[in-house]
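upload.cif follows; it contains mmCIF, C-alpha atoms, pLDDT in the B column; chains and numbers go by the auth columns.
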```
data_coords
loop_
_atom_site.group_PDB
_atom_site.id
_atom_site.type_symbol
_atom_site.label_atom_id
_atom_site.label_comp_id
_atom_site.label_asym_id
_atom_site.label_seq_id
_atom_site.Cartn_x
_atom_site.Cartn_y
_atom_site.Cartn_z
_atom_site.B_iso_or_equiv
_atom_site.auth_seq_id
_atom_site.auth_asym_id
ATOM 1 C CA THR A 1 5.731 63.965 45.344 94.00 1 A
ATOM 2 C CA LEU A 2 3.078 61.890 47.103 98.00 2 A
ATOM 3 C CA ALA A 3 2.606 62.003 50.872 98.00 3 A
ATOM 4 C CA VAL A 4 3.930 58.853 52.566 98.00 4 A
ATOM 5 C CA ILE A 5 3.910 57.038 55.899 98.00 5 A
ATOM 6 C CA LEU A 6 7.225 55.255 56.426 98.00 6 A
ATOM 7 C CA SER A 7 8.771 52.736 58.811 97.00 7 A
ATOM 8 C CA ARG A 8 12.519 53.247 58.959 94.00 8 A
ATOM 9 C CA PRO A 9 15.570 53.265 61.248 91.00 9 A
ATOM 10 C CA ALA A 10 16.169 56.765 62.665 91.00 10 A
ATOM 11 C CA TRP A 11 19.463 57.258 60.806 91.00 11 A
ATOM 12 C CA MET A 12 18.135 56.280 57.397 92.00 12 A
ATOM 13 C CA TRP A 13 16.520 58.514 54.747 95.00 13 A
ATOM 14 C CA GLY A 14 14.809 55.611 53.028 96.00 14 A
ATOM 15 C CA CYS A 15 12.428 53.094 54.561 96.00 15 A
ATOM 16 C CA GLU A 16 11.880 49.372 55.001 96.00 16 A
ATOM 17 C CA MET A 17 8.122 49.556 54.492 97.00 17 A
ATOM 18 C CA GLY A 18 5.508 52.211 53.936 98.00 18 A
ATOM 19 C CA SER A 19 2.449 53.459 52.088 98.00 19 A
ATOM 20 C CA ASN A 20 1.463 56.559 50.163 98.00 20 A
ATOM 21 C CA GLU A 21 -1.627 58.753 50.051 98.00 21 A
ATOM 22 C CA LEU A 22 -3.086 56.796 47.121 98.00 22 A
ATOM 23 C CA GLY A 23 -3.005 53.479 48.970 97.00 23 A
ATOM 24 C CA VAL A 24 0.100 51.985 47.380 98.00 24 A
ATOM 25 C CA VAL A 25 1.999 49.908 49.941 98.00 25 A
ATOM 26 C CA GLY A 26 5.515 48.510 49.690 98.00 26 A
ATOM 27 C CA GLY A 27 8.184 46.632 51.579 97.00 27 A
ATOM 28 C CA ASN A 28 11.878 45.901 51.124 96.00 28 A
ATOM 29 C CA GLU A 29 14.059 42.888 51.933 95.00 29 A
ATOM 30 C CA ALA A 30 17.688 41.832 51.596 95.00 30 A
ATOM 31 C CA VAL A 31 18.419 39.126 49.010 95.00 31 A
ATOM 32 C CA SER A 32 21.557 37.595 47.522 94.00 32 A
ATOM 33 C CA SER A 33 22.326 36.519 43.952 95.00 33 A
ATOM 34 C CA LEU A 34 25.319 35.122 42.094 94.00 34 A
ATOM 35 C CA LEU A 35 26.093 38.698 40.983 96.00 35 A
ATOM 36 C CA SER A 36 26.321 40.095 44.530 95.00 36 A
ATOM 37 C CA ASP A 37 30.113 40.540 44.416 93.00 37 A
ATOM 38 C CA GLU A 38 29.841 43.270 41.782 94.00 38 A
ATOM 39 C CA VAL A 39 28.024 45.588 44.217 93.00 39 A
ATOM 40 C CA GLY A 40 31.281 46.285 46.076 89.00 40 A
ATOM 41 C CA THR A 41 31.552 49.175 48.532 87.00 41 A
ATOM 42 C CA GLU A 42 30.686 52.158 46.322 90.00 42 A
ATOM 43 C CA SER A 43 27.835 54.290 47.632 91.00 43 A
ATOM 44 C CA ARG A 44 24.795 54.255 45.386 94.00 44 A
ATOM 45 C CA LEU A 45 21.100 54.014 46.224 96.00 45 A
ATOM 46 C CA LEU A 46 20.226 51.735 49.125 96.00 46 A
ATOM 47 C CA GLY A 47 17.245 49.454 48.671 96.00 47 A
ATOM 48 C CA MET A 48 15.490 51.511 51.327 96.00 48 A
ATOM 49 C CA ASP A 49 16.108 54.675 49.285 97.00 49 A
ATOM 50 C CA LEU A 50 14.598 52.972 46.258 98.00 50 A
ATOM 51 C CA LEU A 51 11.531 52.005 48.253 98.00 51 A
ATOM 52 C CA ARG A 52 10.882 55.510 49.546 98.00 52 A
ATOM 53 C CA LEU A 53 11.331 57.045 46.113 98.00 53 A
ATOM 54 C CA ALA A 54 8.956 54.468 44.635 98.00 54 A
ATOM 55 C CA LEU A 55 6.260 55.271 47.187 98.00 55 A
ATOM 56 C CA GLU A 56 6.719 59.016 46.722 98.00 56 A
ATOM 57 C CA ARG A 57 6.431 58.724 42.938 98.00 57 A
ATOM 58 C CA GLY A 58 4.265 55.684 42.239 98.00 58 A
ATOM 59 C CA ARG A 59 0.543 56.336 41.867 98.00 59 A
ATOM 60 C CA THR A 60 -0.076 52.608 41.472 98.00 60 A
ATOM 61 C CA ALA A 61 1.781 49.458 42.471 98.00 61 A
ATOM 62 C CA ARG A 62 2.829 49.047 38.832 98.00 62 A
ATOM 63 C CA GLU A 63 4.265 52.579 38.730 98.00 63 A
ATOM 64 C CA ALA A 64 6.112 52.030 42.008 98.00 64 A
ATOM 65 C CA ALA A 65 7.710 48.845 40.683 98.00 65 A
ATOM 66 C CA ASN A 66 8.765 50.628 37.507 98.00 66 A
ATOM 67 C CA VAL A 67 10.278 53.507 39.498 98.00 67 A
ATOM 68 C CA VAL A 68 12.546 51.033 41.292 98.00 68 A
ATOM 69 C CA CYS A 69 13.673 49.459 38.026 98.00 69 A
ATOM 70 C CA ASP A 70 14.291 52.803 36.301 98.00 70 A
ATOM 71 C CA LEU A 71 16.361 54.101 39.231 98.00 71 A
ATOM 72 C CA LEU A 72 18.254 50.827 39.460 98.00 72 A
ATOM 73 C CA GLU A 73 19.274 50.999 35.803 97.00 73 A
ATOM 74 C CA THR A 74 20.196 54.691 36.018 97.00 74 A
ATOM 75 C CA HIS A 75 21.954 54.883 39.384 97.00 75 A
ATOM 76 C CA GLY A 76 22.420 51.326 40.637 97.00 76 A
ATOM 77 C CA GLN A 77 22.222 49.940 44.155 97.00 77 A
ATOM 78 C CA GLY A 78 24.864 49.732 46.853 94.00 78 A
ATOM 79 C CA GLY A 79 26.187 51.319 50.018 91.00 79 A
ATOM 80 C CA ASN A 80 26.550 50.562 53.694 89.00 80 A
ATOM 81 C CA CYS A 81 23.342 49.447 55.374 89.00 81 A
ATOM 82 C CA ILE A 82 24.831 49.796 58.860 88.00 82 A
ATOM 83 C CA ASN A 83 24.882 53.110 60.711 85.00 83 A
ATOM 84 C CA SER A 84 28.569 53.167 61.566 78.00 84 A
ATOM 85 C CA ASN A 85 31.658 55.280 60.984 75.00 85 A
ATOM 86 C CA ASP A 86 33.836 52.218 61.489 70.00 86 A
ATOM 87 C CA ASP A 87 35.246 51.053 58.156 68.00 87 A
ATOM 88 C CA ASP A 88 35.274 47.488 59.495 73.00 88 A
ATOM 89 C CA GLU A 89 31.509 47.564 60.010 82.00 89 A
ATOM 90 C CA TYR A 90 30.150 47.297 56.490 85.00 90 A
ATOM 91 C CA TRP A 91 27.173 45.378 55.165 85.00 91 A
ATOM 92 C CA THR A 92 25.604 45.773 51.766 89.00 92 A
ATOM 93 C CA TYR A 93 23.151 43.623 49.869 92.00 93 A
ATOM 94 C CA GLU A 94 20.893 43.301 46.869 96.00 94 A
ATOM 95 C CA ASN A 95 17.191 43.913 47.352 97.00 95 A
ATOM 96 C CA GLY A 96 13.725 42.534 46.842 97.00 96 A
ATOM 97 C CA PHE A 97 10.458 44.475 46.980 98.00 97 A
ATOM 98 C CA LEU A 98 6.741 43.795 47.219 98.00 98 A
ATOM 99 C CA PHE A 99 4.281 46.477 46.071 98.00 99 A
ATOM 100 C CA ALA A 100 0.490 46.293 46.182 98.00 100 A
ATOM 101 C CA ASP A 101 -2.569 48.439 45.596 97.00 101 A
ATOM 102 C CA THR A 102 -6.268 47.547 45.477 95.00 102 A
ATOM 103 C CA SER A 103 -5.970 46.103 41.961 96.00 103 A
ATOM 104 C CA GLU A 104 -2.742 44.096 41.759 97.00 104 A
ATOM 105 C CA ALA A 105 0.675 43.473 43.269 98.00 105 A
ATOM 106 C CA PHE A 106 4.257 43.163 42.017 98.00 106 A
ATOM 107 C CA VAL A 107 7.400 41.470 43.271 98.00 107 A
ATOM 108 C CA VAL A 108 10.627 43.161 42.161 98.00 108 A
ATOM 109 C CA GLU A 109 13.944 41.370 42.737 98.00 109 A
ATOM 110 C CA THR A 110 17.412 42.649 41.944 98.00 110 A
ATOM 111 C CA ALA A 111 20.843 41.243 41.162 97.00 111 A
ATOM 112 C CA GLY A 112 24.208 42.980 41.083 97.00 112 A
ATOM 113 C CA ILE A 113 24.237 46.742 40.590 97.00 113 A
ATOM 114 C CA HIS A 114 21.663 47.287 37.853 98.00 114 A
ATOM 115 C CA HIS A 115 19.724 44.083 37.143 98.00 115 A
ATOM 116 C CA TRP A 116 16.097 43.324 37.993 98.00 116 A
ATOM 117 C CA ALA A 117 13.085 41.113 37.367 98.00 117 A
ATOM 118 C CA ILE A 118 9.368 41.701 37.954 98.00 118 A
ATOM 119 C CA GLU A 119 6.560 39.248 38.660 98.00 119 A
ATOM 120 C CA ARG A 120 2.971 40.503 38.541 98.00 120 A
ATOM 121 C CA ILE A 121 0.523 39.087 41.075 97.00 121 A
ATOM 122 C CA PRO A 122 -2.998 39.373 39.595 95.00 122 A
ATOM 123 C CA PRO A 123 -6.167 39.876 41.662 93.00 123 A
ATOM 124 C CA GLY A 124 -7.259 36.851 43.665 90.00 124 A
ATOM 125 C CA ASN A 125 -3.720 35.513 44.083 94.00 125 A
ATOM 126 C CA LYS A 126 -1.406 35.557 47.091 94.00 126 A
ATOM 127 C CA ARG A 127 2.335 36.161 47.401 95.00 127 A
ATOM 128 C CA ASN A 128 4.972 36.711 50.070 95.00 128 A
ATOM 129 C CA ILE A 129 8.730 37.289 50.129 95.00 129 A
ATOM 130 C CA SER A 130 11.321 36.501 52.768 91.00 130 A
ATOM 131 C CA ASN A 131 15.004 37.376 52.242 90.00 131 A
ATOM 132 C CA GLY A 132 15.603 35.250 49.195 92.00 132 A
ATOM 133 C CA LEU A 133 15.137 35.272 45.441 94.00 133 A
ATOM 134 C CA SER A 134 11.681 33.878 44.731 95.00 134 A
ATOM 135 C CA ILE A 135 10.643 34.799 41.169 96.00 135 A
ATOM 136 C CA ARG A 136 10.571 31.769 38.893 94.00 136 A
ATOM 137 C CA SER A 137 8.697 33.052 35.818 93.00 137 A
ATOM 138 C CA VAL A 138 9.356 36.728 35.046 95.00 138 A
ATOM 139 C CA ASP A 139 6.854 39.134 33.535 96.00 139 A
ATOM 140 C CA SER A 140 9.677 41.517 32.631 96.00 140 A
ATOM 141 C CA CYS A 141 13.387 41.973 33.328 97.00 141 A
ATOM 142 C CA ASP A 142 16.225 44.272 32.335 97.00 142 A
ATOM 143 C CA ASP A 143 17.493 43.840 28.792 95.00 143 A
ATOM 144 C CA LYS A 144 20.976 42.574 29.744 96.00 144 A
ATOM 145 C CA ILE A 145 20.449 39.920 32.414 97.00 145 A
ATOM 146 C CA GLN A 146 19.444 37.077 30.083 95.00 146 A
ATOM 147 C CA GLU A 147 22.538 37.542 27.916 95.00 147 A
ATOM 148 C CA ILE A 148 24.710 37.614 31.045 96.00 148 A
ATOM 149 C CA CYS A 149 23.150 34.352 32.223 95.00 149 A
ATOM 150 C CA LYS A 150 23.754 32.710 28.840 93.00 150 A
ATOM 151 C CA LYS A 151 27.410 33.783 28.793 94.00 151 A
ATOM 152 C CA LYS A 152 27.949 32.432 32.302 93.00 152 A
ATOM 153 C CA GLY A 153 26.233 29.153 31.466 92.00 153 A
ATOM 154 C CA TRP A 154 23.343 29.769 33.864 93.00 154 A
ATOM 155 C CA TRP A 155 20.683 29.710 31.125 92.00 155 A
ATOM 156 C CA LYS A 156 20.750 27.690 27.904 87.00 156 A
ATOM 157 C CA ASP A 157 17.800 29.466 26.253 78.00 157 A
ATOM 158 C CA ASP A 158 16.811 26.204 24.523 72.00 158 A
ATOM 159 C CA ASN A 159 13.143 27.127 24.317 67.00 159 A
ATOM 160 C CA ASN A 160 13.005 27.162 28.108 73.00 160 A
ATOM 161 C CA SER A 161 11.432 30.079 29.920 87.00 161 A
ATOM 162 C CA PHE A 162 13.791 32.286 31.893 93.00 162 A
ATOM 163 C CA ASP A 163 13.691 31.026 35.499 94.00 163 A
ATOM 164 C CA TRP A 164 15.078 33.998 37.454 96.00 164 A
ATOM 165 C CA LYS A 165 15.653 32.142 40.721 94.00 165 A
ATOM 166 C CA ARG A 166 17.276 29.118 39.085 92.00 166 A
ATOM 167 C CA CYS A 167 19.536 31.200 36.832 93.00 167 A
ATOM 168 C CA VAL A 168 20.513 34.226 38.931 95.00 168 A
ATOM 169 C CA GLY A 169 20.200 32.540 42.300 91.00 169 A
ATOM 170 C CA GLY A 170 21.285 28.991 41.601 85.00 170 A
ATOM 171 C CA GLY A 171 23.449 28.974 38.477 75.00 171 A
ATOM 172 C CA GLY A 172 21.182 27.123 36.071 68.00 172 A
ATOM 173 C CA ASP A 173 20.627 23.396 35.647 65.00 173 A
ATOM 174 C CA ASP A 174 23.464 22.603 38.046 60.00 174 A
ATOM 175 C CA ALA A 175 21.889 24.837 40.685 52.00 175 A
ATOM 176 C CA HIS A 176 23.590 24.551 44.044 53.00 176 A
ATOM 177 C CA ALA A 177 21.023 26.716 45.840 57.00 177 A
ATOM 178 C CA GLU A 178 17.803 25.466 47.407 66.00 178 A
ATOM 179 C CA LEU A 179 15.117 26.262 44.836 79.00 179 A
ATOM 180 C CA GLY A 180 12.110 25.186 46.882 83.00 180 A
ATOM 181 C CA ILE A 181 10.118 27.319 49.314 87.00 181 A
ATOM 182 C CA TYR A 182 11.287 26.796 52.872 87.00 182 A
ATOM 183 C CA GLY A 183 11.877 28.513 56.223 89.00 183 A
ATOM 184 C CA ARG A 184 10.186 31.847 56.821 91.00 184 A
ATOM 185 C CA GLU A 185 9.041 32.073 53.205 92.00 185 A
ATOM 186 C CA ARG A 186 7.129 28.789 53.533 93.00 186 A
ATOM 187 C CA ALA A 187 5.726 29.845 56.892 94.00 187 A
ATOM 188 C CA GLY A 188 4.481 33.113 55.393 95.00 188 A
ATOM 189 C CA LEU A 189 2.822 31.213 52.546 95.00 189 A
ATOM 190 C CA GLU A 190 1.100 28.930 55.050 96.00 190 A
ATOM 191 C CA HIS A 191 -0.250 31.976 56.881 96.00 191 A
ATOM 192 C CA LEU A 192 -1.662 33.291 53.588 96.00 192 A
ATOM 193 C CA ARG A 193 -3.256 29.927 52.823 95.00 193 A
ATOM 194 C CA ASP A 194 -4.804 29.893 56.292 95.00 194 A
ATOM 195 C CA ALA A 195 -6.313 33.339 55.681 95.00 195 A
ATOM 196 C CA GLU A 196 -7.702 32.191 52.331 95.00 196 A
ATOM 197 C CA GLU A 197 -9.314 29.174 53.980 95.00 197 A
ATOM 198 C CA ARG A 198 -10.847 31.325 56.707 95.00 198 A
ATOM 199 C CA LEU A 199 -12.206 33.699 54.060 94.00 199 A
ATOM 200 C CA ASN A 200 -13.782 30.826 52.145 94.00 200 A
ATOM 201 C CA LYS A 201 -15.398 29.512 55.337 96.00 201 A
ATOM 202 C CA GLY A 202 -16.680 32.944 56.316 95.00 202 A
ATOM 203 C CA GLU A 203 -14.577 32.964 59.487 94.00 203 A
ATOM 204 C CA LEU A 204 -12.749 36.113 58.367 94.00 204 A
ATOM 205 C CA LEU A 205 -14.582 38.680 56.287 94.00 205 A
ATOM 206 C CA GLY A 206 -12.968 40.951 53.733 90.00 206 A
ATOM 207 C CA ASN A 207 -14.205 44.091 55.498 93.00 207 A
ATOM 208 C CA ASP A 208 -13.319 42.921 59.016 96.00 208 A
ATOM 209 C CA ILE A 209 -10.523 45.411 59.671 95.00 209 A
ATOM 210 C CA GLU A 210 -9.980 44.398 63.291 96.00 210 A
ATOM 211 C CA GLY A 211 -9.924 40.740 62.309 96.00 211 A
ATOM 212 C CA TRP A 212 -7.262 41.327 59.650 95.00 212 A
ATOM 213 C CA ILE A 213 -5.147 43.401 62.049 96.00 213 A
ATOM 214 C CA ASN A 214 -5.255 40.621 64.648 96.00 214 A
ATOM 215 C CA TRP A 215 -4.380 38.077 61.949 95.00 215 A
ATOM 216 C CA MET A 216 -1.318 40.144 61.005 94.00 216 A
ATOM 217 C CA PHE A 217 -0.333 40.488 64.667 95.00 217 A
ATOM 218 C CA GLY A 218 -0.386 36.697 64.874 94.00 218 A
ATOM 219 C CA ILE A 219 2.052 36.408 61.966 94.00 219 A
ATOM 220 C CA LEU A 220 4.407 38.959 63.499 92.00 220 A
ATOM 221 C CA ARG A 221 4.417 36.912 66.740 93.00 221 A
ATOM 222 C CA ASP A 222 5.387 33.686 64.928 93.00 222 A
ATOM 223 C CA GLU A 223 8.705 32.912 66.632 91.00 223 A
ATOM 224 C CA ASP A 224 8.806 29.218 65.689 90.00 224 A
ATOM 225 C CA SER A 225 9.271 29.975 61.994 90.00 225 A
ATOM 226 C CA GLY A 226 11.667 32.866 62.575 88.00 226 A
ATOM 227 C CA ILE A 227 9.255 35.475 61.192 90.00 227 A
ATOM 228 C CA CYS A 228 9.486 37.083 64.633 89.00 228 A
ATOM 229 C CA PHE A 229 13.170 37.889 65.251 80.00 229 A
ATOM 230 C CA ARG A 230 12.905 37.968 69.048 74.00 230 A
ATOM 231 C CA ASP A 231 16.356 37.402 70.620 67.00 231 A
ATOM 232 C CA VAL A 232 17.932 36.983 67.170 61.00 232 A
ATOM 233 C CA HIS A 233 20.653 39.342 65.860 55.00 233 A
ATOM 234 C CA GLY A 234 20.041 41.749 68.727 53.00 234 A
ATOM 235 C CA PHE A 235 16.338 42.275 67.987 50.00 235 A
#
```
Now, as a test, write the supplied structure out as structure tokens.
Amino acid sequence: TLAVILSRPAWMWGCEMGSNELGVVGGNEAVSSLLSDEVGTESRLLGMDLLRLALERGRTAREAANVVCDLLETHGQGGNCINSNDDDEYWTYENGFLFADTSEAFVVETAGIHHWAIERIPPGNKRNISNGLSIRSVDSCDDKIQEICKKKGWWKDDNNSFDWKRCVGGGGDDAHAELGIYGRERAGLEHLRDAEERLNKGELLGNDIEGWINWMFGILRDEDSGICFRDVHGF
């Protein structure tokens, strides 16, 4: 087991973000797919449990992503994400993850109890996630999800690549969900583009630790986009 630094609610064993001793970092988010109803109320692994286990076991970002997928297929996800003994206070959700190391990054998104997709982010590219399915072209996925999508009419498989967000999030060609990038996800992407521009201009250097920390503080203070949850949902 690798040593980890975790950010988590006091009652929770898992975490919402963290890093391990080898420099692998990861974060978790709530997402929702067309298979969300199958999760039900049975206790399984929370997304936060999956994240902690991935950081404790993954020596690279790739390994951490694979740990999540292996555990998801074996044990599944589900359980109450609210610290309450009141049966009426219950909230569960599917999960998305972002893992990175010094070489590459991976987005992992889930659907239902056992299903998943992975997108690799190669060096020199940028990526963010924000409480919604975002993978369009998958690098890998579980071996059952495509057949499920075909049976439900979400994917025709007529020489078209498997668009995870369109199929699992929107229901295929007749997608009712917003497939574009908007809201906090768009705002996060704009922040990344701004950083890239500042890097190219020499205004922010790759080894400027203090500069990068201040840049991240600025993102966390972005109330206009909703990235900062001040006065929202009790935060």
Q: Dig up all the protein and nucleic acid residues within 12 Å of (7.1, 43.7, 29.9) in the file frame, using all atoms listed in the file, and format them as a list in words.
A: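 Applying the cut-off with all atoms listed in the file, one gets Arg62, Ala65, Asn66, Cys69, Ala117, Ile118, Glu119, Arg120, Val138, Asp139, Ser140, Cys141, Asp142 and Asp143 of chain A.
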Q) What's the 12 Å shell around A:Asp222, counting only C-alpha atoms, without same-chain residues fewer than 4 positions away, as a PyMOL selection string? A) chain A and resi 184+187-188+190-191+215-218+226-230
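Each of A:Leu55, A:Val24, A:Leu71, A:Leu204 was checked against A:Asp101 using only C-alpha atoms; the smallest atom-to-atom distance is that of A:Val24.
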Q: Given the file shown, determine the residues that the PyMOL selection byres ((chain A and resi 192) around 12) selects; report them as a PyMOL selection string.
A: chain A and resi 124-129+185-191+193-199+212+215-216+218-219
Q) So which one's closest to A:Lys150, A:Val108, A:Cys167, A:Ser84, A:Val67? Using all atoms listed in the file, please. A)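 Using all atoms listed in the file, A:Lys150 sits closest to A:Cys167.
Distance check against A:Tyr90 using only C-alpha atoms: of A:Ser32, A:Phe162, A:Gly78, A:Lys201, the minimum falls on A:Gly78.
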Q | Best match for closeness to A:Glu16 among A:Val68, A:His75, A:Phe97, A:Glu89, counting all atoms listed in the file | A | A:Phe97
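Relative to atom CA of A:Val4, atom CA of A:Trp116 is found at 24.5 Å.
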Q. Of the candidates A:Thr110, A:Asn85, A:Arg221, A:Val168, which one gets nearest to A:Trp155 if we count all atoms listed in the file?
A. A:Val168
Q: Using atom CA of A:Arg57 and atom CA of A:Trp13 as the two end points, give the distance in Å to one decimal.
A: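 Computing it gives 15.5 Å between the two atoms.
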Q: Please evaluate the PyMOL selection byres ((chain A and resi 104) around 7) against the displayed coordinates and give the resulting residues as an MDAnalysis selection string.
A: chainID A and resid 100:103 105 121:123
Q: Step by step, work through what the PyMOL selection byres ((chain A and resi 3) around 10) selects in the shown file, and finish by giving those residues as a ChimeraX atom specification.
A: /A:1-2,4-6,19-22,55-57
Q) Near A:Leu133, within 8 Å and counting only C-alpha atoms, which residues show up once chain neighbours fewer than 4 positions away are dropped, as a ChimeraX atom specification? A) /A:31-33,96,109,165,169
Q) What is the distance, in Å and to one decimal place, between atom CA of A:Glu29 and atom CA of A:Asp70? A)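 According to the coordinates, atom CA of A:Glu29 and atom CA of A:Asp70 are separated by 18.5 Å.
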Around the point (16.5, 53.1, 53.4), in the coordinates given by the file, pick out the residues reaching within 7 Å, counting all atoms listed in the file, and return them as a compact mmCIF listing (two decimals) with C-alpha atoms, in the frame of the given file.
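What ended up in out_19.txt:
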```txt
# COMPACT_ATOMS: atom_id res chain seq x y z
CA ARG A 8 12.52 53.25 58.96
CA MET A 12 18.14 56.28 57.40
CA TRP A 13 16.52 58.51 54.75
CA GLY A 14 14.81 55.61 53.03
CA CYS A 15 12.43 53.09 54.56
CA GLU A 16 11.88 49.37 55.00
CA LEU A 46 20.23 51.74 49.12
CA GLY A 47 17.24 49.45 48.67
CA MET A 48 15.49 51.51 51.33
CA ASP A 49 16.11 54.68 49.28
```
Q: Might you pull out every residue within 8 Å of stretch 35-38 of chain A, with only C-alpha atoms counted and same-chain residues fewer than 3 positions away left off, and present them as a VMD selection string?
A: chain A and resid 32 93 to 94 111 to 113 168
